[in-house]
Structures are given as structure tokens and as C-alpha cells.
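Trainee: A single structure is presented below for examination.
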Amino acid sequence: MRIGIDIGGTNVKIGLVDDRGQIVQKDSFSTDACENYEQFVQEIVDQCQRLIAAAGYEMAAIRSAGAGCPGAVNDQNGTLIYMPNIEYRNVPLGPDLSRQFGCPVYLGNDANCAALAESAVGAARDADHSITITLGTGIGGGIVINNEIYTGFNHIAGELGHIVLTVDGWQCGCGRKGCFEAYASVTGLIRMTREAMAEHPDSLVNRLAQGDPEKVSGKTAFKAAQSGDAMGLAIVNRYIGYLAEGVANLINVFQPEVFVIGGGISKEGDYLLDPLKKLLASRVYQADVPRTKIKVAETGNDAGIIGAAMLGGLSHPAPCASCG
């Protein structure tokens, strides 16, 4: 058995995962309950111990634990370098947890954990080389090469949302302009939808959002398009065009066997994938070789837990204070 810890800005999800990548038991707690780093570590330990006991196991049955963090980590020594929304900087999270658990603990970026989950038990399970992106508020991503997460020499590679599509384009939260994330995230889609609403107040998109730009979601334009609304279709086509440009850039650089798309928008299924594949056919470097398969993510909301639990096979463990 392994423990997978998916650390978010507001909640921490914990799961007990078997060697097939299946979650046996899971739970979560709010990070707001923790006033400082020491309490944060102790809360993780306490929750994990309760989870193990509830599943009928003892700590001795746990081979390793992994934690996925939405920020920068040093996967060599288990240091959490920084994490957005939680003011912990350069803390030895891996060694601190390992000391309490008595087993190796591994750290990874949360997007890399999602990519690892898809590579191990999800849509890319039969591929040695894959890329996974998650379309959410931003665009998270992870690169798997020869079944190993690629993190670069400084442990922060894989920021796939920050390749530039449009020089001097829309402002991105990273500080640059025109990033893939600014256009192909849910945030970008919502922006396009709101702009179109302002120009066409009598459209179905406006009616779906009840005339309120704040009620626009990533589903609004897709719903309108699937109802035959011309403006909704125009928004969706524009969005998929930006998505295709970014995906094609990544395929042309890495040539993965499988490119996995996750996040809420991926639930549009073939309505998203069919036009995306058609655009990619003319954008991906042409050669008489096998082509990258485009698939929808399969591990869903459990990707972070599963991928974190599986870090033990792909990373270097944090030093274990009590197991030598």
C-alpha cells in the first residue's frame, strides 16, 4: 500500500492506494484549519493514520507516501520550495513526513502527479511517452519520457501553459503576455464568451448566462453551440483553435505517443476532440511516421492522489529518519 497526498490551496485530499493504482480509502481536510507549517504537517500525519486504521491496515503496511503540491518542489531532497496560496517557503516537507511515517516520502508538482496517474493507470497507460494537460483556471501539465516524469535540472520543468501563442497578446498571470494558458484555459474561454456577449446582447449565450457576465462558465459557449447557436459555435471554434496551436507546439517538440487532455472542458468529449484532431492534422509536423493519439483523461479528480502515491517508483525518496 502507498499513501497519496494531493495538496491544494484550500483542501488536502489523502488516499490509500494499492499497487494497481486503485484508491482503497480516501478523505480530505481544509488547509484553513492549520495555523502554521508544523500544524499542517501534523494534520497530514493524523489524517493519514486515521485513514490507514479505517481501512484496516497498520502503518507497517505502507511502502511509501507521496505528496503533490501546486508549486515548485525539489523532488531530489523533498523540499517544498513554494506553494501558491499557502505561505510555506523552502520547508523540508518530505523529510518531516518521512520521520513521522517511518517510510520514504516523495514530493512532486501536482500537474506532474496528474500526468503520472494518466501514464500509469489512465489514458496513457500503454505509452512510454506522454503529455498530460489539465484545462482549468490555468493550464497545468506534465511530461512523461520513458515512463519517467521530466522535471529538468532545476525540478520545475513542465510549465506547459506558458509557451507563447501570441506575442504581446493577453496578459498571463505569470507576467508574460500571450501565453497558451491565457487563451486555452477555462479563464480564456470565459473571457472570449463575455466579450462576445457584450457585442451580441440578443444571443443564446446571453440568455444562458441570464445576461450576467459573472454567470458565464466554461460550459456556456459549448451549450449554446450544441443548441445550434452561431455565436456559441464561433466562440467554441475560436477557443479550440487556440487549444490546437498550443497542443501542436507541444507535440512538435516532444512527439509523445499519447497526448491527454483533462479538466472540466475535456468532459465535452468528441465535441471537443473531433474538431481539435482535424486542426492538429494540419498543424503537427508532417512525416511518414506514427502519429500522436489525442485522448481524454481517465483518472479525473483522483489523479492527484493516484499520481502522488506512485511517485515512489519515479522519484528519489526524501531521507527517511527512522528507516535508515
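Ordering of the C-alpha cells sets the chain letters (A, B, ...); residue numbers start at 1 within each chain; ligands are numbered from 1 in the order shown.
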Write out as a PDB file with N, CA, C and O atoms, in the first residue's frame each polymer residue whose atoms come within 9 Å of A:Val167, counting only C-alpha atoms; drop sequence neighbours fewer than 4 positions from it.

Mentor:
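Saved the output as result-v1.pdb:
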ATOM      1  N   LYS A 177       2.945  37.918 -21.722  1.00  0.00           N
ATOM      2  CA  LYS A 177       1.721  38.146 -22.477  1.00  0.00           C
ATOM      3  C   LYS A 177       1.597  37.103 -23.588  1.00  0.00           C
ATOM      4  O   LYS A 177       2.588  36.682 -24.166  1.00  0.00           O
ATOM      5  N   GLY A 178       0.347  36.716 -23.863  1.00  0.00           N
ATOM      6  CA  GLY A 178       0.078  35.823 -24.977  1.00  0.00           C
ATOM      7  C   GLY A 178       0.300  34.354 -24.712  1.00  0.00           C
ATOM      8  O   GLY A 178       0.404  33.557 -25.653  1.00  0.00           O
ATOM      9  N   CYS A 179       0.366  33.935 -23.441  1.00  0.00           N
ATOM     10  CA  CYS A 179       0.625  32.533 -23.114  1.00  0.00           C
ATOM     11  C   CYS A 179      -0.535  31.621 -23.517  1.00  0.00           C
ATOM     12  O   CYS A 179      -1.698  32.035 -23.555  1.00  0.00           O
TER      13      CYS A 179
END

Trainee: Find the residues near A:Pro70: any atom within 10 Å, counting only C-alpha atoms, skip ones fewer than 5 places away on the same chain, and give them as a PyMOL selection string.

Mentor: chain A and resi 6-9+80+82-86+108-112+140

Trainee: With all heavy atoms retained, could you export that selection as a CSV table (one decimal), in the first residue's frame?

Mentor:
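part31.csv written:
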chain,number,residue,atom,x,y,z
A,6,ASP,N,-2.7,14.9,-2.0
A,6,ASP,CA,-2.9,15.9,-3.0
A,6,ASP,C,-3.2,17.2,-2.3
A,6,ASP,O,-4.3,17.5,-1.8
A,6,ASP,CB,-4.1,15.5,-3.9
A,6,ASP,CG,-4.4,16.5,-5.1
A,6,ASP,OD1,-3.5,17.4,-5.3
A,6,ASP,OD2,-5.4,16.3,-5.7
A,7,ILE,N,-2.2,18.1,-2.3
A,7,ILE,CA,-2.2,19.3,-1.5
A,7,ILE,C,-2.7,20.4,-2.4
A,7,ILE,O,-2.1,20.7,-3.5
A,7,ILE,CB,-0.9,19.7,-0.9
A,7,ILE,CG1,-0.4,18.6,0.0
A,7,ILE,CG2,-0.9,21.0,-0.2
A,7,ILE,CD1,1.0,18.8,0.5
A,8,GLY,N,-3.9,21.0,-2.0
A,8,GLY,CA,-4.4,22.2,-2.8
A,8,GLY,C,-4.4,23.4,-1.9
A,8,GLY,O,-4.0,23.4,-0.7
A,9,GLY,N,-4.7,24.5,-2.5
A,9,GLY,CA,-4.7,25.8,-1.8
A,9,GLY,C,-5.7,25.9,-0.7
A,9,GLY,O,-5.6,26.6,0.3
A,80,LEU,N,9.8,21.5,-0.2
A,80,LEU,CA,8.7,22.3,-0.8
A,80,LEU,C,9.3,23.7,-1.0
A,80,LEU,O,9.5,24.4,0.0
A,80,LEU,CB,7.5,22.3,0.0
A,80,LEU,CG,6.3,23.2,-0.3
A,80,LEU,CD1,5.8,23.0,-1.7
A,80,LEU,CD2,5.2,23.2,0.7
A,82,TYR,N,8.1,26.5,-2.9
A,82,TYR,CA,7.0,27.4,-2.6
A,82,TYR,C,5.7,26.8,-3.1
A,82,TYR,O,5.6,26.0,-4.0
A,82,TYR,CB,7.2,28.8,-3.3
A,82,TYR,CG,6.9,28.8,-4.8
A,82,TYR,CD1,5.7,29.1,-5.3
A,82,TYR,CD2,7.9,28.5,-5.7
A,82,TYR,CE1,5.4,29.1,-6.6
A,82,TYR,CE2,7.7,28.5,-7.1
A,82,TYR,CZ,6.4,28.8,-7.5
A,82,TYR,OH,6.1,28.8,-8.9
A,83,MET,N,4.6,27.4,-2.6
A,83,MET,CA,3.3,26.9,-3.0
A,83,MET,C,2.3,28.1,-3.0
A,83,MET,O,2.2,28.8,-1.9
A,83,MET,CB,2.8,25.8,-2.0
A,83,MET,CG,1.5,25.1,-2.4
A,83,MET,SD,1.3,23.5,-1.6
A,83,MET,CE,1.4,24.0,0.2
A,84,PRO,N,1.6,28.4,-4.1
A,84,PRO,CA,0.7,29.5,-4.1
A,84,PRO,C,-0.4,29.3,-3.1
A,84,PRO,O,-0.9,28.2,-2.8
A,84,PRO,CB,0.1,29.4,-5.5
A,84,PRO,CG,1.1,28.6,-6.3
A,84,PRO,CD,1.7,27.6,-5.3
A,85,ASN,N,-0.9,30.4,-2.5
A,85,ASN,CA,-2.0,30.5,-1.5
A,85,ASN,C,-1.6,30.0,-0.1
A,85,ASN,O,-2.4,30.2,0.8
A,85,ASN,CB,-3.2,29.7,-2.1
A,85,ASN,CG,-3.7,30.2,-3.4
A,85,ASN,OD1,-3.7,31.4,-3.6
A,85,ASN,ND2,-4.0,29.3,-4.3
A,86,ILE,N,-0.5,29.3,0.0
A,86,ILE,CA,-0.1,28.8,1.3
A,86,ILE,C,1.4,29.4,1.5
A,86,ILE,O,2.2,29.1,0.8
A,86,ILE,CB,-0.1,27.3,1.5
A,86,ILE,CG1,-1.5,26.8,1.2
A,86,ILE,CG2,0.4,26.9,2.8
A,86,ILE,CD1,-1.6,25.3,1.3
A,108,GLY,N,6.2,15.9,-5.4
A,108,GLY,CA,6.1,16.2,-6.9
A,108,GLY,C,5.2,17.4,-7.1
A,108,GLY,O,4.3,17.7,-6.2
A,109,ASN,N,5.3,18.0,-8.2
A,109,ASN,CA,4.3,19.1,-8.6
A,109,ASN,C,3.0,18.4,-8.9
A,109,ASN,O,2.9,17.3,-9.4
A,109,ASN,CB,4.8,19.8,-9.8
A,109,ASN,CG,3.8,20.7,-10.4
A,109,ASN,OD1,3.1,20.3,-11.3
A,109,ASN,ND2,3.8,21.9,-10.0
A,110,ASP,N,1.9,19.1,-8.6
A,110,ASP,CA,0.6,18.4,-8.7
A,110,ASP,C,0.2,18.1,-10.2
A,110,ASP,O,-0.4,17.0,-10.4
A,110,ASP,CB,-0.5,19.3,-8.1
A,110,ASP,CG,-0.6,20.7,-8.7
A,110,ASP,OD1,0.3,21.1,-9.4
A,110,ASP,OD2,-1.6,21.4,-8.4
A,111,ALA,N,0.6,19.0,-11.1
A,111,ALA,CA,0.3,18.7,-12.5
A,111,ALA,C,1.2,17.5,-13.0
A,111,ALA,O,0.7,16.6,-13.8
A,111,ALA,CB,0.7,19.9,-13.4
A,112,ASN,N,2.4,17.3,-12.5
A,112,ASN,CA,3.2,16.2,-12.8
A,112,ASN,C,2.6,14.9,-12.2
A,112,ASN,O,2.6,13.8,-12.9
A,112,ASN,CB,4.6,16.3,-12.3
A,112,ASN,CG,5.4,17.3,-13.1
A,112,ASN,OD1,5.1,17.6,-14.2
A,112,ASN,ND2,6.5,17.8,-12.5
A,140,GLY,N,-2.3,23.3,-16.4
A,140,GLY,CA,-1.3,22.5,-15.7
A,140,GLY,C,-0.8,21.5,-16.7
A,140,GLY,O,-1.6,21.1,-17.6

Trainee: Residues at most 12 Å from A:Arg194, counting only C-alpha atoms, excluding those fewer than 2 positions away in the same chain, as a compact mmCIF listing (two decimals) with N, CA and C atoms, in the first residue's frame?

Mentor:
# COMPACT_ATOMS: atom_id res chain seq x y z
N THR A 187 -10.38 30.08 -18.04
CA THR A 187 -10.37 31.54 -17.88
C THR A 187 -10.38 32.23 -19.24
N GLY A 188 -9.59 31.74 -20.17
CA GLY A 188 -9.55 32.31 -21.51
C GLY A 188 -10.87 32.14 -22.24
N LEU A 189 -11.48 30.95 -22.11
CA LEU A 189 -12.77 30.69 -22.75
C LEU A 189 -13.85 31.61 -22.18
N ILE A 190 -13.85 31.79 -20.88
CA ILE A 190 -14.82 32.69 -20.26
C ILE A 190 -14.63 34.11 -20.76
N ARG A 191 -13.41 34.54 -20.92
CA ARG A 191 -13.14 35.89 -21.43
C ARG A 191 -13.70 36.05 -22.84
N MET A 192 -13.45 35.06 -23.70
CA MET A 192 -13.97 35.12 -25.07
C MET A 192 -15.50 35.18 -25.06
N ALA A 196 -17.94 38.27 -26.43
CA ALA A 196 -18.97 38.04 -27.44
C ALA A 196 -20.35 38.45 -26.94
N MET A 197 -20.61 38.22 -25.66
CA MET A 197 -21.89 38.63 -25.07
C MET A 197 -22.10 40.13 -25.17
N ALA A 198 -21.03 40.88 -24.92
CA ALA A 198 -21.13 42.34 -24.97
C ALA A 198 -21.43 42.83 -26.38
N GLU A 199 -20.94 42.11 -27.38
CA GLU A 199 -21.14 42.51 -28.78
C GLU A 199 -22.48 42.02 -29.33
N HIS A 200 -23.04 40.95 -28.73
CA HIS A 200 -24.28 40.36 -29.24
C HIS A 200 -25.24 40.12 -28.07
N PRO A 201 -25.87 41.16 -27.55
CA PRO A 201 -26.71 41.03 -26.36
C PRO A 201 -27.95 40.17 -26.55
N SER A 203 -28.05 37.20 -28.07
CA SER A 203 -27.64 35.83 -28.41
C SER A 203 -28.12 34.82 -27.36
N VAL A 205 -26.20 32.76 -25.95
CA VAL A 205 -25.19 32.77 -24.89
C VAL A 205 -25.61 33.71 -23.77
N ASN A 206 -26.12 34.88 -24.14
CA ASN A 206 -26.60 35.83 -23.13
C ASN A 206 -27.76 35.25 -22.33
N LEU A 208 -28.43 32.08 -21.80
CA LEU A 208 -27.94 31.01 -20.93
C LEU A 208 -27.28 31.57 -19.67
N ALA A 209 -26.63 32.71 -19.82
CA ALA A 209 -25.96 33.35 -18.67
C ALA A 209 -26.87 34.35 -17.98
N GLY A 211 -27.92 37.05 -18.97
CA GLY A 211 -27.45 38.41 -19.20
C GLY A 211 -26.39 38.89 -18.24
N ASP A 212 -25.88 37.98 -17.42
CA ASP A 212 -24.91 38.36 -16.39
C ASP A 212 -23.55 37.75 -16.72
N PRO A 213 -22.55 38.57 -17.06
CA PRO A 213 -21.22 38.05 -17.38
C PRO A 213 -20.61 37.21 -16.26
N GLU A 214 -21.01 37.49 -15.02
CA GLU A 214 -20.47 36.74 -13.89
C GLU A 214 -21.00 35.31 -13.83
N LYS A 215 -22.06 35.03 -14.56
CA LYS A 215 -22.63 33.69 -14.57
C LYS A 215 -22.10 32.83 -15.71
N VAL A 216 -21.18 33.38 -16.48
CA VAL A 216 -20.57 32.63 -17.57
C VAL A 216 -19.61 31.58 -17.00
N SER A 217 -19.68 30.38 -17.53
CA SER A 217 -18.75 29.32 -17.14
C SER A 217 -18.10 28.75 -18.40
N GLY A 218 -17.24 27.77 -18.21
CA GLY A 218 -16.62 27.13 -19.36
C GLY A 218 -17.60 26.34 -20.20
N THR A 220 -20.78 27.45 -20.95
CA THR A 220 -21.80 28.31 -21.57
C THR A 220 -21.73 28.30 -23.09
N ALA A 221 -20.56 28.58 -23.64
CA ALA A 221 -20.43 28.64 -25.10
C ALA A 221 -20.67 27.27 -25.73
N MET A 231 -23.27 32.16 -32.65
CA MET A 231 -22.24 32.83 -31.86
C MET A 231 -21.55 31.85 -30.91
N GLY A 232 -22.32 30.94 -30.32
CA GLY A 232 -21.72 29.93 -29.46
C GLY A 232 -20.73 29.09 -30.23
N ILE A 235 -17.49 31.02 -30.85
CA ILE A 235 -16.64 31.08 -29.65
C ILE A 235 -15.90 29.77 -29.47

Trainee: Residues of stretch 103-177 of chain A that approach stretch 250-258 of chain A to 10 Å or less, counting only C-alpha atoms: could you list each one with the shortest pair of atoms and its distance in Å to one decimal, rows by chain and increasing residue number, as JSON lines?

Mentor:
{"residue": "A:Ser119", "atom": "CA", "partner": "A:Val258", "partner_atom": "CA", "distance": 9.1}
{"residue": "A:Ala123", "atom": "CA", "partner": "A:Val258", "partner_atom": "CA", "distance": 8.0}
{"residue": "A:Ala124", "atom": "CA", "partner": "A:Val258", "partner_atom": "CA", "distance": 5.9}
{"residue": "A:Arg125", "atom": "CA", "partner": "A:Val258", "partner_atom": "CA", "distance": 9.3}
{"residue": "A:Asp126", "atom": "CA", "partner": "A:Val258", "partner_atom": "CA", "distance": 9.0}
{"residue": "A:Ala127", "atom": "CA", "partner": "A:Glu257", "partner_atom": "CA", "distance": 6.0}
{"residue": "A:Asp128", "atom": "CA", "partner": "A:Glu257", "partner_atom": "CA", "distance": 7.3}
{"residue": "A:His129", "atom": "CA", "partner": "A:Pro256", "partner_atom": "CA", "distance": 4.9}
{"residue": "A:Ser130", "atom": "CA", "partner": "A:Pro256", "partner_atom": "CA", "distance": 4.7}
{"residue": "A:Ile131", "atom": "CA", "partner": "A:Pro256", "partner_atom": "CA", "distance": 6.4}
{"residue": "A:Thr132", "atom": "CA", "partner": "A:Val258", "partner_atom": "CA", "distance": 8.4}
{"residue": "A:Ile143", "atom": "CA", "partner": "A:Phe254", "partner_atom": "CA", "distance": 8.7}
{"residue": "A:Val144", "atom": "CA", "partner": "A:Pro256", "partner_atom": "CA", "distance": 8.4}
{"residue": "A:Ile145", "atom": "CA", "partner": "A:Pro256", "partner_atom": "CA", "distance": 8.2}
{"residue": "A:Leu160", "atom": "CA", "partner": "A:Leu250", "partner_atom": "CA", "distance": 8.0}
{"residue": "A:Ile163", "atom": "CA", "partner": "A:Leu250", "partner_atom": "CA", "distance": 9.0}

Trainee: Would you return as a PyMOL selection string the members of stretch 127-272 of chain A that DSSP assigns to alpha helix (DSSP H) on this structure's backbone?

Mentor: chain A and resi 180-184+186-199+204-208+220-226+230-254+270-272

Trainee: Would you list the contacts of A:Lys26 as a list in words, taking every protein, DNA or RNA residue within 10 Å and counting only C-alpha atoms, but skipping same-chain residues closer than 3 positions in sequence?

Mentor: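 Near neighbours after the sequence-gap exclusion: Ile3, Gly4, Ile5, Lys13, Ile14, Gly15, Leu16, Val17, Ile23, Gln47, Cys48, Leu51, Ile52, Ala54, Ala55, Asp302 and Ile305 of chain A.
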
Trainee: Please extract the residues of stretch 253-293 of chain A with a backbone DSSP assignment of strand (DSSP E) and present them as a PyMOL selection string.

Mentor: chain A and resi 258-263+293

Trainee: Take the residues just selected and output them with C-alpha atoms as a CSV table (one decimal), in the first residue's frame.

Mentor:
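Once everything was written out, this is selection_37.csv:
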chain,number,residue,atom,x,y,z
A,258,VAL,CA,-0.4,9.9,-26.3
A,259,PHE,CA,-1.5,13.5,-25.6
A,260,VAL,CA,-4.0,13.5,-22.7
A,261,ILE,CA,-6.4,16.4,-22.1
A,262,GLY,CA,-8.1,16.7,-18.7
A,263,GLY,CA,-10.1,19.3,-16.8
A,293,LYS,CA,-3.1,9.9,-30.2

Trainee: Of the residues A:Gly78, A:Gln226, A:Ala309, A:Leu280, which is the one nearest to A:Val24, using only C-alpha atoms?

Mentor: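 For A:Val24, the nearest of the given residues is A:Ala309.
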
Trainee: I'd like the contact shell of A:Tyr183 - 10 Å cut-off, only C-alpha atoms, skipping same-chain residues fewer than 5 positions apart - returned as an NGL selection string.

Mentor: :A and (138-139 or 161 or 164-166 or 169-172 or 178 or 188-192 or 238-243 or 246)

Trainee: Measuring between only C-alpha atoms, which one of A:Asn249, A:Gln22, A:Ser266, A:Ser30 shows the shortest distance to A:Tyr285?

Mentor: A:Asn249

Trainee: What is the distance between atom CA of A:Val12 and atom CA of A:Ser28, in Å to one decimal?

Mentor: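 Going from atom CA of A:Val12 over to atom CA of A:Ser28 covers 5.4 Å.
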